[in-house]
>>> print(open('model20.txt').read())   # compact mmCIF, C-alpha atoms and all ligand atoms
# COMPACT_ATOMS: atom_id res chain seq x y z
CA MET T 1 20.55 41.32 20.15
CA ASP T 2 21.44 44.88 19.16
CA ALA T 3 24.94 45.68 20.44
CA ASN T 4 23.77 48.78 22.33
CA VAL T 5 20.98 46.90 24.06
CA LYS T 6 23.43 44.12 24.89
CA PHE T 7 25.71 46.70 26.52
CA VAL T 8 22.87 47.77 28.82
CA VAL T 9 21.82 44.18 29.63
CA ASP T 10 25.41 43.14 30.35
CA LYS T 11 25.82 46.07 32.76
CA ARG T 12 22.65 45.02 34.60
CA VAL T 13 23.93 41.47 34.91
CA LEU T 14 27.30 42.63 36.22
CA ARG T 15 25.64 44.89 38.80
CA THR T 16 23.46 41.97 39.89
CA ILE T 17 26.42 39.62 40.27
CA GLU T 18 28.40 42.23 42.18
CA ASN T 19 25.53 42.62 44.64
CA LEU T 20 24.95 38.86 44.91
CA GLU T 21 28.60 38.57 45.98
CA LYS T 22 28.07 41.34 48.56
CA ASN T 23 25.14 39.26 49.85
CA ASN T 24 27.41 36.21 50.19
CA MET T 25 26.02 34.37 47.16
CA LYS T 26 27.99 33.34 44.09
CA GLY T 27 26.98 34.72 40.69
CA TYR T 28 28.06 33.67 37.19
CA PHE T 29 27.22 35.06 33.76
CA VAL T 30 27.33 32.47 30.98
CA GLU T 31 26.65 32.73 27.26
CA ASN T 32 24.32 29.79 26.77
CA GLU T 33 22.83 26.57 28.14
CA LYS T 34 25.96 24.56 27.33
CA GLU T 35 28.10 26.93 29.39
CA ALA T 36 25.55 26.76 32.22
CA ILE T 37 25.85 22.96 32.34
CA LYS T 38 29.64 23.26 32.32
CA LYS T 39 29.43 25.57 35.33
CA ILE T 40 27.03 23.17 37.07
CA LYS T 41 29.55 20.33 36.62
CA ASP T 42 32.12 22.47 38.46
CA ILE T 43 29.77 22.92 41.41
CA ILE T 44 28.40 19.37 41.86
CA GLY T 45 30.13 15.98 41.94
CA GLU T 46 29.38 12.53 40.56
CA GLY T 47 27.21 10.49 42.91
CA ASP T 48 25.63 13.58 44.46
CA THR T 49 21.98 13.46 45.43
CA LEU T 50 20.18 16.16 43.46
CA SER T 51 16.68 17.53 43.41
CA VAL T 52 14.76 20.27 41.60
CA GLY T 53 12.03 22.78 42.28
CA GLY T 54 9.27 23.34 39.73
CA SER T 55 10.77 25.33 36.86
CA MET T 56 10.24 25.85 33.14
CA THR T 57 13.78 27.23 32.88
CA LEU T 58 15.28 23.89 33.96
CA PHE T 59 13.38 22.14 31.14
CA GLU T 60 14.07 24.79 28.50
CA THR T 61 17.81 24.83 29.22
CA GLY T 62 18.10 21.01 29.07
CA ILE T 63 19.19 20.84 32.71
CA ILE T 64 16.49 18.32 33.66
CA ASP T 65 17.73 16.00 30.88
CA PHE T 66 21.32 16.52 31.97
CA LEU T 67 20.45 15.53 35.54
CA ARG T 68 18.53 12.46 34.33
CA LYS T 69 21.41 11.22 32.20
CA GLY T 70 24.30 12.07 34.52
CA LYS T 71 25.98 9.92 37.16
CA TYR T 72 23.88 11.39 39.94
CA ASN T 73 21.26 10.22 42.36
CA PHE T 74 18.57 12.43 40.85
CA LEU T 75 15.32 12.60 42.82
CA ASP T 76 13.17 13.05 39.73
CA ARG T 77 9.84 14.53 40.72
CA TYR T 78 8.78 14.53 37.05
CA LYS T 79 9.27 10.79 36.48
CA GLU T 80 6.23 9.17 34.88
CA GLY T 81 3.93 7.15 37.08
CA LEU T 82 4.73 8.83 40.40
CA SER T 83 1.82 8.93 42.84
CA PRO T 84 1.09 12.07 44.91
CA GLU T 85 2.65 10.21 47.88
CA ASP T 86 5.83 9.51 45.87
CA ILE T 87 6.09 13.19 44.96
CA LYS T 88 5.55 14.21 48.57
CA GLU T 89 8.37 11.88 49.60
CA ILE T 90 10.68 13.43 46.98
CA TYR T 91 9.84 16.92 48.27
CA ARG T 92 10.81 15.82 51.78
CA LYS T 93 13.98 13.99 50.70
CA SER T 94 15.03 17.11 48.80
CA PHE T 95 15.84 18.83 52.08
CA SER T 96 18.84 16.54 52.55
CA ALA T 97 20.05 16.70 48.92
CA ASP T 98 23.62 17.70 48.12
CA ALA T 99 22.29 20.24 45.66
CA TYR T 100 18.90 21.68 44.80
CA PHE T 101 18.20 23.21 41.39
CA THR T 102 15.63 25.90 40.80
CA SER T 103 15.03 29.08 38.88
CA SER T 104 13.72 32.28 40.50
CA ASN T 105 10.59 34.31 39.83
CA ALA T 106 12.82 37.38 39.89
CA ILE T 107 16.32 38.43 40.85
CA THR T 108 16.99 42.03 41.77
CA GLU T 109 19.95 44.14 40.73
CA GLU T 110 20.45 44.54 44.48
CA GLY T 111 21.33 40.84 44.63
CA GLU T 112 18.12 39.40 46.09
CA LEU T 113 16.06 36.38 45.06
CA TYR T 114 12.27 36.76 45.07
CA ASN T 115 9.98 33.76 44.85
CA VAL T 116 6.31 32.94 45.35
CA ASP T 117 5.19 29.34 45.91
CA GLY T 118 1.89 27.54 46.06
CA ARG T 119 2.99 24.77 48.45
CA GLY T 120 6.25 26.15 49.79
CA ASN T 121 8.40 23.10 49.03
CA ARG T 122 10.64 25.05 46.64
CA VAL T 123 11.16 28.16 48.77
CA ALA T 124 11.64 26.00 51.88
CA ALA T 125 14.49 24.08 50.18
CA MET T 126 15.99 27.34 48.95
CA ILE T 127 16.04 28.67 52.51
CA TYR T 128 17.35 25.62 54.36
CA GLY T 129 18.30 21.98 53.86
CA PRO T 130 20.23 21.21 50.67
CA ASP T 131 23.98 21.86 50.99
CA LYS T 132 23.96 23.86 47.77
CA VAL T 133 21.23 25.66 45.87
CA ILE T 134 21.86 26.25 42.17
CA VAL T 135 19.61 28.95 40.76
CA VAL T 136 19.45 29.14 36.96
CA VAL T 137 17.89 32.22 35.39
CA GLY T 138 17.69 33.95 32.03
CA VAL T 139 18.45 37.69 31.86
CA ASN T 140 14.69 38.26 31.60
CA LYS T 141 14.37 37.52 35.34
CA ILE T 142 16.48 40.51 36.39
CA VAL T 143 14.55 43.46 37.85
CA ARG T 144 15.71 46.65 39.49
CA ASP T 145 14.42 46.09 43.03
CA LEU T 146 11.88 44.24 45.17
CA ASP T 147 8.99 46.47 44.04
CA GLU T 148 9.67 45.43 40.46
CA ALA T 149 10.09 41.81 41.56
CA ILE T 150 6.65 41.83 43.18
CA MET T 151 5.18 43.49 40.08
CA ARG T 152 6.88 40.97 37.80
CA ASN T 153 5.30 38.13 39.71
CA ARG T 154 1.83 39.68 39.77
CA GLU T 155 1.80 40.75 36.13
CA LEU T 156 3.75 37.98 34.42
CA ALA T 157 5.14 34.98 36.30
CA ALA T 158 2.08 33.99 38.36
CA PRO T 159 -0.58 34.46 35.64
CA ALA T 160 1.64 32.61 33.11
CA ASN T 161 2.14 29.73 35.56
CA VAL T 162 -1.57 29.61 36.25
CA LYS T 163 -2.20 29.22 32.50
CA ARG T 164 0.46 26.49 32.27
CA LEU T 165 -1.09 24.61 35.19
CA ASN T 166 -4.61 25.16 33.85
CA LYS T 167 -5.90 26.63 37.12
CA ASN T 168 -9.23 28.30 37.51
CA THR T 169 -8.31 31.71 38.93
CA PRO T 170 -9.20 35.29 37.96
CA CYS T 171 -5.67 35.91 36.61
CA SER T 172 -6.14 33.05 34.14
CA LYS T 173 -8.90 35.17 32.55
CA VAL T 174 -7.54 38.73 32.76
CA GLY T 175 -3.77 38.05 32.67
CA TYR T 176 -2.79 39.89 35.87
CA CYS T 177 -3.06 39.25 39.61
CA MET T 178 -6.36 40.07 41.34
CA ASP T 179 -5.20 38.76 44.75
CA CYS T 180 -7.85 36.07 44.57
CA ASN T 181 -9.48 33.86 47.15
CA SER T 182 -9.70 31.03 44.67
CA LYS T 183 -9.16 27.45 45.85
CA ASP T 184 -6.81 27.16 42.85
CA ARG T 185 -4.62 30.06 44.06
CA ILE T 186 -0.91 29.34 43.46
CA CYS T 187 0.49 32.32 45.41
CA ASN T 188 0.84 31.48 49.08
CA GLU T 189 4.42 31.86 50.31
CA TYR T 190 6.26 35.09 49.40
CA VAL T 191 9.98 34.79 50.06
CA VAL T 192 12.92 37.17 49.73
CA ILE T 193 16.41 35.74 50.08
CA ARG T 194 18.59 38.73 50.82
CA LYS T 195 21.80 37.25 52.22
CA GLN T 196 23.39 33.92 53.03
CA ALA T 197 25.41 32.78 56.05
CA ASP T 198 27.35 30.20 53.98
CA GLY T 199 28.99 31.84 50.96
CA ASP T 200 29.30 28.51 49.12
CA ARG T 201 25.62 27.60 49.33
CA ILE T 202 23.67 29.64 46.77
CA HIS T 203 25.10 29.72 43.25
CA VAL T 204 23.23 31.86 40.71
CA ILE T 205 23.88 31.11 37.04
CA ILE T 206 22.60 33.86 34.75
CA ILE T 207 22.32 32.80 31.09
CA ASP T 208 22.48 35.42 28.33
CA ASN T 209 19.02 34.65 26.95
CA ASP T 210 15.36 34.58 28.04
CA PHE T 211 14.04 31.48 29.83
CA GLY T 212 10.91 30.62 31.76
CA TYR T 213 8.42 33.12 33.14
S1 LIG U 301 -3.08 35.50 43.90
FE1 LIG U 301 -4.64 34.51 42.61
S2 LIG U 301 -5.08 36.04 41.02
FE2 LIG U 301 -3.13 36.60 41.96
S3 LIG U 301 -1.62 35.68 40.61
FE3 LIG U 301 -1.96 34.29 42.35
S4 LIG U 301 -3.49 32.86 41.59
FE4 LIG U 301 -3.53 34.63 40.22
>>> encode(input="model20.txt", output="structure tokens", more="lines below")
Ligand code: SF4
Amino acid sequence: MDANVKFVVDKRVLRTIENLEKNNMKGYFVENEKEAIKKIKDIIGEGDTLSVGGSMTLFETGIIDFLRKGKYNFLDRYKEGLSPEDIKEIYRKSFSADAYFTSSNAITEEGELYNVDGRGNRVAAMIYGPDKVIVVVGVNKIVRDLDEAIMRNRELAAPANVKRLNKNTPCSKVGYCMDCNSKDRICNEYVVIRKQADGDRIHVIIIDNDFGY
């Protein structure tokens, strides 16, 4: 990355972390995936029960593999051969996990997490249940404020996810949100996490690269 652009991006990240801290969430800026995993090891412990929300970032950064290979009780929703009932059980067990891993559709410079779910299992676990929530994002997820977060979801994250999931919605044709009434709609729960009561619950790891949508 050009050094001048990097200066601007770094400043945005630092502002975001400063505001996350004001909102009683922990924020970390790491150079790469390896550093992110190192940070994760500081937050969780061997034998912990861990779960994940749907996320391309967790695959792209190697975190899913790390959780599979580590000495953890990983509730692996992606394991081959799981029935819909098995997956439903994992979603429910996730609420009592020691730590829940997810990315975020957007994170504002004001220190807020913005997410839109189709079923609500991910945003529900982010709000309440797991003792810790570890949010892993690339710098591409940072936006100025909630208006930009909403826009990011409508114009990028949701249509890209619809394509990935091969859903039949208007945004899968035109590439932006048309607030559809489709039975395949993936946007149902719109959640802003602004502050936390427990300052050791939400840990946001920002990696100096682009990941996910
Ligand atoms: S509401 Fe419908 S059209 Fe809009 S992004 Fe979601 S699935 Fe696509």
>>> atom_distance(input="model20.txt", atom1="atom CA of T:Ala124", atom2="atom CA of T:Arg92")
10.2 Å
>>> residues_around(input="model20.txt", residues="T:Asp184", least_positions_apart="5", cutoff="9 Å", atoms="all atoms listed in the file", output="PyMOL selection string")
chain T and resi 162+167-169
>>> residues_near_ligand(input="model20.txt", ligand="ligand LIG 301 (chain U)", cutoff="8 Å", atoms="only C-alpha atoms and all ligand atoms", output="ChimeraX atom specification")
/T:153-155,158-159,162,169-172,176-182,184-188
>>> closest_atom_pairs(input="model20.txt", of="stretch 106-133 of chain T", to="stretch 1-20 of chain T", cutoff="8 Å", atoms="only C-alpha atoms", output="Markdown table")
| residue | atom | partner | partner_atom | distance |
| --- | --- | --- | --- | --- |
| T:Thr108 | CA | T:Thr16 | CA | 6.7 |
| T:Glu109 | CA | T:Thr16 | CA | 4.2 |
| T:Glu110 | CA | T:Asn19 | CA | 5.4 |
| T:Gly111 | CA | T:Leu20 | CA | 4.1 |
| T:Glu112 | CA | T:Leu20 | CA | 7.0 |
>>> atom_distance(input="model20.txt", atom1="atom CA of T:Val123", atom2="atom CA of T:Phe101")
11.3 Å
>>> atom_distance(input="model20.txt", atom1="atom CA of T:Tyr190", atom2="atom CA of T:Ala106")
11.8 Å
>>> axis_aligned_box(input="model20.txt", around="stretch 104-120 of chain T", padding_each_side="3 Å", output="AutoDock Vina command-line options")
--center_x 11.6 --center_y 34.7 --center_z 44.8 --size_x 25.4 --size_y 25.8 --size_z 16.0
>>> closest_residue(input="model20.txt", among="T:Ser51, T:Asp198, T:Val136, T:Tyr78", to="T:Asn32", atoms="all atoms listed in the file")
T:Val136
>>> closest_atom_pairs(input="model20.txt", of="stretch 46-137 of chain T", to="stretch 207-211 of chain T", cutoff="9 Å", atoms="all atoms listed in the file", output="JSON lines")
{"residue": "T:Met56", "atom": "CA", "partner": "T:Phe211", "partner_atom": "CA", "distance": 7.6}
{"residue": "T:Thr57", "atom": "CA", "partner": "T:Phe211", "partner_atom": "CA", "distance": 5.2}
{"residue": "T:Leu58", "atom": "CA", "partner": "T:Phe211", "partner_atom": "CA", "distance": 8.7}
{"residue": "T:Glu60", "atom": "CA", "partner": "T:Phe211", "partner_atom": "CA", "distance": 6.8}
{"residue": "T:Thr61", "atom": "CA", "partner": "T:Phe211", "partner_atom": "CA", "distance": 7.7}
{"residue": "T:Val136", "atom": "CA", "partner": "T:Ile207", "partner_atom": "CA", "distance": 7.5}
{"residue": "T:Val137", "atom": "CA", "partner": "T:Ile207", "partner_atom": "CA", "distance": 6.2}
>>> write_last_selection(input="model20.txt", atoms="C-alpha atoms", output="PDB file, in the frame of the given file")
ATOM      1  CA  MET T  56      10.240  25.850  33.140  1.00  0.00           C
ATOM      2  CA  THR T  57      13.780  27.230  32.880  1.00  0.00           C
ATOM      3  CA  LEU T  58      15.280  23.890  33.960  1.00  0.00           C
ATOM      4  CA  GLU T  60      14.070  24.790  28.500  1.00  0.00           C
ATOM      5  CA  THR T  61      17.810  24.830  29.220  1.00  0.00           C
ATOM      6  CA  VAL T 136      19.450  29.140  36.960  1.00  0.00           C
ATOM      7  CA  VAL T 137      17.890  32.220  35.390  1.00  0.00           C
TER       8      VAL T 137
END
>>> closest_residue(input="model20.txt", among="T:Ile142, T:Val174, T:Ile90, T:Met25", to="T:His203", atoms="all atoms listed in the file")
T:Met25
>>> residues_around(input="model20.txt", residues="T:Ile193", least_positions_apart="6", cutoff="9 Å", atoms="all atoms listed in the file", output="PDB file with C-alpha atoms, keeping the file's coordinate frame")
ATOM      1  CA  GLY T 111      21.330  40.840  44.630  1.00  0.00           C
ATOM      2  CA  GLU T 112      18.120  39.400  46.090  1.00  0.00           C
ATOM      3  CA  LEU T 113      16.060  36.380  45.060  1.00  0.00           C
ATOM      4  CA  TYR T 114      12.270  36.760  45.070  1.00  0.00           C
ATOM      5  CA  ASN T 115       9.980  33.760  44.850  1.00  0.00           C
ATOM      6  CA  MET T 126      15.990  27.340  48.950  1.00  0.00           C
ATOM      7  CA  ILE T 127      16.040  28.670  52.510  1.00  0.00           C
TER       8      ILE T 127
END
>>> decode(input="model20.txt", residues="stretch 90-109 of chain T", atoms="C-alpha atoms", output="JSON list (two decimals), in the first residue's frame")
[["chain", "number", "residue", "atom", "x", "y", "z"],
["T", 90, "ILE", "CA", -24.90, -25.97, 17.34],
["T", 91, "TYR", "CA", -26.55, -22.55, 16.96],
["T", 92, "ARG", "CA", -28.32, -23.07, 20.28],
["T", 93, "LYS", "CA", -25.25, -24.45, 22.09],
["T", 94, "SER", "CA", -23.29, -21.42, 20.88],
["T", 95, "PHE", "CA", -25.12, -19.24, 23.38],
["T", 96, "SER", "CA", -23.25, -20.93, 26.23],
["T", 97, "ALA", "CA", -19.84, -20.97, 24.52],
["T", 98, "ASP", "CA", -16.79, -19.48, 26.23],
["T", 99, "ALA", "CA", -16.08, -17.49, 23.10],
["T", 100, "TYR", "CA", -17.91, -16.75, 19.87],
["T", 101, "PHE", "CA", -16.04, -15.75, 16.72],
["T", 102, "THR", "CA", -17.52, -13.61, 14.00],
["T", 103, "SER", "CA", -16.71, -10.81, 11.62],
["T", 104, "SER", "CA", -18.91, -7.73, 11.20],
["T", 105, "ASN", "CA", -20.71, -6.34, 8.17],
["T", 106, "ALA", "CA", -19.31, -2.95, 9.14],
["T", 107, "ILE", "CA", -17.57, -1.22, 12.02],
["T", 108, "THR", "CA", -17.89, 2.52, 12.41],
["T", 109, "GLU", "CA", -15.17, 4.97, 13.32]]
